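Enquirer: Pasting in a structure now, in structure tokens, and then I'll have a few things to ask.
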Amino acid sequence: MFMRIPRRKTRQIRVGDIKIGGDAPVVVQSMTTTNTDDIDATVAQIHELERVGCEIVRVAVPDQKAAEVLATIKSQIHIPLIADIHFDYKLALRAIEQGVDCLRINPGNIGGKDRVERVVKAAKERGIPIRIGVNSGSLERDLLEKYGYPTAEAMADSALRHIRILEDMDFYDMKISLKASHVGLAVEAYRLFSQKSDYPLHLGITEAGTSFSGSIKSAVGLGTLLAEGIGDTIRVSLAADPVEEVKVGFEILKSLELRHRGVNVIACPTCGRLEIDVIRLANEVEKRLVHVKQPLNISILGCVVNGIGEGKEADIGI
């Protein structure tokens with residue numbers, strides 16, 4: 001171990017049996033891409049996510065059909081289930097009745113105070129936490145008028161506003177996200193909020209992009225915050241198979257030594273001294289061992305200059 005990052009102390013909540021915040025490890029989440037009411041496809045995708053280590057999964061609940069199948073989906077999976085709700089408070093109430101482990105809502109877009117109160121009361125009775133999800137693309141009009149455009153200050157103000165709505169209803173079982181597709185904006189929003197509140201933070205760069213570009217943006221944005229001790233759970237948002245989101249998420253955490261799960265392949269970039277096909281071998285090893293959960297460093301080096309010395313640092317050297 002070469003570094004130990006002191007983490008920001010936050011309140012701790014539970015999503016199902018998973019602890020988030022406090023002294024709990026940073027948790028890796030993902031979201032399904034199937035139509036939620038297609039039970040077989042949704043469950044199959046969640047099983048694939050479980051296979052690569054996903055610890056919490058979120059599903060979109062755009063309509064009543066999706067809300068009505070949540071209990072069936074939950075009964076067939078092994079990780080906590082989050083219902084993502086917008087606009088219709090009745091969908092949130094139905095999701096709670098279906099036994100989801102967490103709600104993702106924006107209190108400002110599900111109706112008036114009476115409707116928010118009904119959702120909060122039902123969630124509190126069932127012990128279901130709520131994630132307040134602030135997004136730079138859907139900030140309140142008055143905040144945009146105040147700041148001129150989406151800023152880190154506007155995002156933090158929005159989050160604090162929504163927190164106050166729930167706190168005024170005696171609800172404190174929350175985690176918060178402040179997402180933007182611009183890496184710098186998201187980083188500054190999370191930094192600013194973390195100075196003003198101790199609620200646990202869900203980190204993400206929203207609409208980050210394809211598997212290639214999105215992985216890089218997420219690694220930079222999430223990695224920056226995590227290296228500063230900010231963040232309690234992460235989702236790497238990619239326009240790709242969500243399995244890739246989980247794999248990239250764990251790689252980010254492993255790089256910062258915040259989590260130790262699965263195989264860490266160490267491979268040289270190759271040069272003219274090469275005597276074996278390192279690229280093919282490294283990719284094959286990584287692919288074949290993707291399901292290994294035990295932390296394992298495997299060194300695949302073809303260099304007579306550094307290979308032997310660096311190989312000694314690994315559990316297995318090839």
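Following the order of the structure tokens, chains are lettered A, B, ..., residues in each are numbered from 1, and ligands are numbered from 1.
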Name the residues in contact with stretch 287-299 of chain A at a cut-off of 9 Å, using only C-alpha atoms, excluding same-chain residues fewer than 4 positions from it; report them as a PyMOL selection string.
Expert: chain A and resi 51-53+247+260-268+282-283+307+310-318
Enquirer: Can I get the selected residues back with C-alpha atoms, as a short mmCIF file (atom, residue, chain, number, x, y, z; two decimals), in the first residue's frame?
Expert:
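Wrote selection-v3.cif, looks like this:
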data_model
loop_
_atom_site.label_atom_id
_atom_site.label_comp_id
_atom_site.auth_asym_id
_atom_site.auth_seq_id
_atom_site.Cartn_x
_atom_site.Cartn_y
_atom_site.Cartn_z
CA ARG A 51 -21.51 -10.75 -11.65
CA VAL A 52 -18.95 -7.95 -12.05
CA GLY A 53 -19.47 -6.57 -8.55
CA LYS A 247 -15.72 -2.29 -14.20
CA HIS A 260 -9.33 -3.80 -3.41
CA ARG A 261 -11.39 -6.12 -5.56
CA GLY A 262 -10.47 -8.35 -8.44
CA VAL A 263 -7.45 -8.58 -10.67
CA ASN A 264 -5.16 -5.61 -11.23
CA VAL A 265 -3.24 -6.22 -14.46
CA ILE A 266 0.10 -4.41 -14.67
CA ALA A 267 1.39 -4.42 -18.25
CA CYS A 268 4.13 -2.47 -19.98
CA ALA A 282 -2.54 -8.82 -20.98
CA ASN A 283 -5.94 -8.55 -22.65
CA GLY A 307 10.26 -6.10 -15.87
CA GLU A 310 8.43 -4.50 -11.18
CA GLY A 311 7.33 -8.12 -11.36
CA LYS A 312 8.57 -8.65 -7.80
CA GLU A 313 5.93 -6.17 -6.60
CA ALA A 314 3.11 -8.35 -7.98
CA ASP A 315 1.41 -11.47 -6.63
CA ILE A 316 2.00 -13.21 -9.96
CA GLY A 317 4.52 -12.25 -12.62
CA ILE A 318 4.32 -13.40 -16.24
#
Enquirer: Would you list the contacts of stretch 232-242 of chain A as a PyMOL selection string, taking every protein, DNA or RNA residue within 8 Å and counting only C-alpha atoms, but skipping same-chain residues closer than 2 positions in sequence?
Expert: chain A and resi 20-21+24-33+49+200-211+214-215+218+222+230+244-246+248-249
Enquirer: Once you have the residues from the selection above, write them out as a compact mmCIF listing (two decimals), in the first residue's frame, restricted to N, CA and C atoms.
Expert:
# COMPACT_ATOMS: atom_id res chain seq x y z
N ILE A 20 -23.76 3.42 3.37
CA ILE A 20 -23.20 4.49 2.55
C ILE A 20 -22.86 5.67 3.46
N GLY A 21 -21.63 6.15 3.34
CA GLY A 21 -21.19 7.26 4.18
C GLY A 21 -20.54 6.77 5.46
N ALA A 24 -17.94 3.64 5.90
CA ALA A 24 -18.18 2.56 4.94
C ALA A 24 -17.33 2.75 3.69
N PRO A 25 -16.96 1.66 3.01
CA PRO A 25 -16.22 1.79 1.76
C PRO A 25 -17.04 2.53 0.70
N VAL A 26 -16.37 3.12 -0.27
CA VAL A 26 -17.06 3.75 -1.39
C VAL A 26 -17.77 2.66 -2.19
N VAL A 27 -19.06 2.87 -2.45
CA VAL A 27 -19.92 1.86 -3.07
C VAL A 27 -20.05 2.13 -4.57
N VAL A 28 -20.04 1.05 -5.37
CA VAL A 28 -20.16 1.17 -6.83
C VAL A 28 -21.59 0.83 -7.25
N GLN A 29 -22.19 1.76 -8.00
CA GLN A 29 -23.56 1.58 -8.48
C GLN A 29 -23.60 1.60 -10.00
N SER A 30 -24.76 1.19 -10.54
CA SER A 30 -25.01 1.34 -11.97
C SER A 30 -26.51 1.49 -12.17
N MET A 31 -26.91 1.63 -13.44
CA MET A 31 -28.32 1.78 -13.79
C MET A 31 -28.62 0.94 -15.01
N THR A 32 -29.78 0.31 -15.00
CA THR A 32 -30.15 -0.54 -16.14
C THR A 32 -30.48 0.30 -17.36
N THR A 33 -30.37 -0.31 -18.53
CA THR A 33 -30.71 0.35 -19.79
C THR A 33 -31.93 -0.30 -20.45
N LEU A 49 -24.72 -7.35 -13.97
CA LEU A 49 -24.08 -6.32 -13.14
C LEU A 49 -23.60 -6.90 -11.82
N PRO A 200 -24.12 12.24 2.88
CA PRO A 200 -23.27 11.44 1.98
C PRO A 200 -23.48 11.82 0.53
N LEU A 201 -22.42 11.72 -0.25
CA LEU A 201 -22.44 12.16 -1.64
C LEU A 201 -22.35 10.99 -2.62
N HIS A 202 -23.24 11.02 -3.60
CA HIS A 202 -23.21 10.10 -4.73
C HIS A 202 -22.51 10.84 -5.87
N LEU A 203 -21.35 10.35 -6.30
CA LEU A 203 -20.57 11.03 -7.33
C LEU A 203 -20.90 10.51 -8.72
N GLY A 204 -20.91 11.42 -9.68
CA GLY A 204 -21.08 11.02 -11.07
C GLY A 204 -20.87 12.19 -12.00
N ILE A 205 -20.38 11.90 -13.19
CA ILE A 205 -20.33 12.87 -14.29
C ILE A 205 -21.44 12.45 -15.24
N THR A 206 -22.52 13.21 -15.29
CA THR A 206 -23.68 12.78 -16.06
C THR A 206 -23.42 12.89 -17.55
N GLU A 207 -24.03 12.01 -18.32
CA GLU A 207 -23.90 12.03 -19.78
C GLU A 207 -22.43 12.17 -20.18
N ALA A 208 -21.58 11.37 -19.54
CA ALA A 208 -20.13 11.52 -19.73
C ALA A 208 -19.70 11.20 -21.15
N GLY A 209 -20.42 10.29 -21.83
CA GLY A 209 -20.06 9.98 -23.21
C GLY A 209 -19.94 8.49 -23.45
N THR A 210 -19.24 8.14 -24.50
CA THR A 210 -19.05 6.75 -24.88
C THR A 210 -18.17 6.02 -23.87
N SER A 211 -18.01 4.73 -24.08
CA SER A 211 -17.18 3.95 -23.16
C SER A 211 -15.78 4.53 -23.05
N GLY A 214 -16.16 8.66 -22.01
CA GLY A 214 -16.83 8.74 -20.72
C GLY A 214 -16.01 8.17 -19.59
N SER A 215 -15.27 7.11 -19.87
CA SER A 215 -14.41 6.52 -18.84
C SER A 215 -13.32 7.50 -18.43
N SER A 218 -14.91 10.42 -16.43
CA SER A 218 -15.29 9.94 -15.09
C SER A 218 -14.06 9.70 -14.23
N LEU A 222 -14.26 11.93 -11.04
CA LEU A 222 -14.45 11.17 -9.81
C LEU A 222 -13.12 10.97 -9.09
N ILE A 230 -13.60 13.18 -0.99
CA ILE A 230 -15.01 13.49 -1.21
C ILE A 230 -15.67 12.35 -1.98
N GLU A 244 -19.80 -2.20 -18.16
CA GLU A 244 -18.57 -1.42 -18.28
C GLU A 244 -18.51 -0.33 -17.21
N GLU A 245 -19.67 0.23 -16.83
CA GLU A 245 -19.69 1.25 -15.79
C GLU A 245 -19.12 0.70 -14.48
N VAL A 246 -19.53 -0.50 -14.14
CA VAL A 246 -19.08 -1.12 -12.89
C VAL A 246 -17.59 -1.40 -12.94
N VAL A 248 -15.26 0.03 -14.78
CA VAL A 248 -14.50 1.28 -14.71
C VAL A 248 -14.54 1.86 -13.30
N GLY A 249 -15.70 1.79 -12.66
CA GLY A 249 -15.82 2.30 -11.30
C GLY A 249 -14.85 1.64 -10.34
Enquirer: Please run DSSP on the backbone and report, as number ranges by chain, all residues within stretch 110-242 of chain A that come out as helix (DSSP H, G or I).
Expert: A: 113-126, 136-138, 141-147, 152-167, 183-194, 211-227, 242
Enquirer: I want to know what sits within 10 Å of A:Arg126, based on only C-alpha atoms, with residues of the same chain fewer than 6 positions away left out; could you give that as a PyMOL selection string?
Expert: chain A and resi 96-97+99-101+120
Enquirer: Write the selection just made, keeping C-alpha atoms, as a short mmCIF file (atom, residue, chain, number, x, y, z; two decimals), in the first residue's frame?
Expert:
data_model
loop_
_atom_site.label_atom_id
_atom_site.label_comp_id
_atom_site.auth_asym_id
_atom_site.auth_seq_id
_atom_site.Cartn_x
_atom_site.Cartn_y
_atom_site.Cartn_z
CA ILE A 96 -42.37 2.46 -1.94
CA GLU A 97 -45.30 0.04 -1.74
CA GLY A 99 -40.55 -2.44 -1.50
CA VAL A 100 -37.69 -0.64 -3.27
CA ASP A 101 -34.63 0.12 -1.16
CA VAL A 120 -41.59 11.62 2.44
#
Enquirer: Rounded to one decimal in Å, what is the spacing between atom CA of A:Lys254 and atom CA of A:Gly22?
Expert: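 Separation of atom CA of A:Lys254 and atom CA of A:Gly22: 19.6 Å.
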Enquirer: List the spatial neighbours of A:Ile79 as an MDAnalysis selection string - criterion: any atom at most 8 Å away, only C-alpha atoms, same-chain residues fewer than 2 positions off excluded.
Expert: chainID A and resid 16 50 54:57 77 81
Enquirer: Env of A:Ile128: 12 Å cut, atoms = only C-alpha atoms, seq-sep filter 2 positions within chain, self excluded. Answer as number ranges by chain.
Expert: A: 13-17, 80-83, 92-93, 95-104, 119-126, 130-131, 171-175
Enquirer: Name the closest residue to A:Tyr199 among the candidates A:Ser136, A:Thr34, A:Thr42, A:Ser177; distances are taken between atoms, counting only C-alpha atoms.
Expert: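 With only C-alpha atoms as the atom set, the closest residue is A:Ser177.
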Enquirer: Among stretch 108-293 of chain A, which residues does DSSP mark as strand (DSSP E or B) when it is run on the backbone? Keep the chain and numbering as in the structure and answer as a VMD selection string.
Expert: chain A and resid 130 to 135 174 to 179 201 to 203 233 to 235 263 to 267
Enquirer: Which residue is closest to A:Arg11? Choose from A:Glu68, A:Asp198, A:Glu48, A:Glu145 and count only C-alpha atoms.
Expert: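 Of the candidates, the smallest distance to A:Arg11 is held by A:Asp198.
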Enquirer: For each of A:Ile252, A:Ala186, A:Arg280, A:Asp170, take the minimum atom-to-atom distance to A:Ala154, counting only C-alpha atoms, then give the residue where this is smallest.
Expert: A:Ala186
Enquirer: Grab the atom CA of A:Tyr149 to atom CA of A:Ile105 distance for me, in Å with one decimal place.
Expert: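 Computing the Euclidean distance for atom CA of A:Tyr149 and atom CA of A:Ile105 yields 22.7 Å.
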Enquirer: Just checking: using only C-alpha atoms, which residue out of A:Ile216, A:Val116, A:Ala159, A:Ala60 ends up closest to A:Lys90?
Expert: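 Result for the nearest residue to A:Lys90: A:Val116.
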Enquirer: What are the closest atom pairs, with distances in Å to one decimal, for each residue of stretch 108-213 of chain A lying within 8 Å of stretch 224-228 of chain A, using only C-alpha atoms, rows by chain and rising residue number, as a Markdown table?
Expert:
| residue | atom | partner | partner_atom | distance |
| --- | --- | --- | --- | --- |
| A:Val187 | CA | A:Leu225 | CA | 6.6 |
| A:Tyr190 | CA | A:Leu225 | CA | 7.8 |
| A:Arg191 | CA | A:Leu225 | CA | 7.6 |
Enquirer: Produce a file of the selected residues containing C-alpha atoms, as a short mmCIF file (atom, residue, chain, number, x, y, z; two decimals), in the first residue's frame.
Expert:
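Output saved as part27.cif:
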data_model
loop_
_atom_site.label_atom_id
_atom_site.label_comp_id
_atom_site.auth_asym_id
_atom_site.auth_seq_id
_atom_site.Cartn_x
_atom_site.Cartn_y
_atom_site.Cartn_z
CA VAL A 187 -16.01 18.83 -9.37
CA TYR A 190 -19.28 18.70 -5.16
CA ARG A 191 -16.41 20.55 -3.48
#
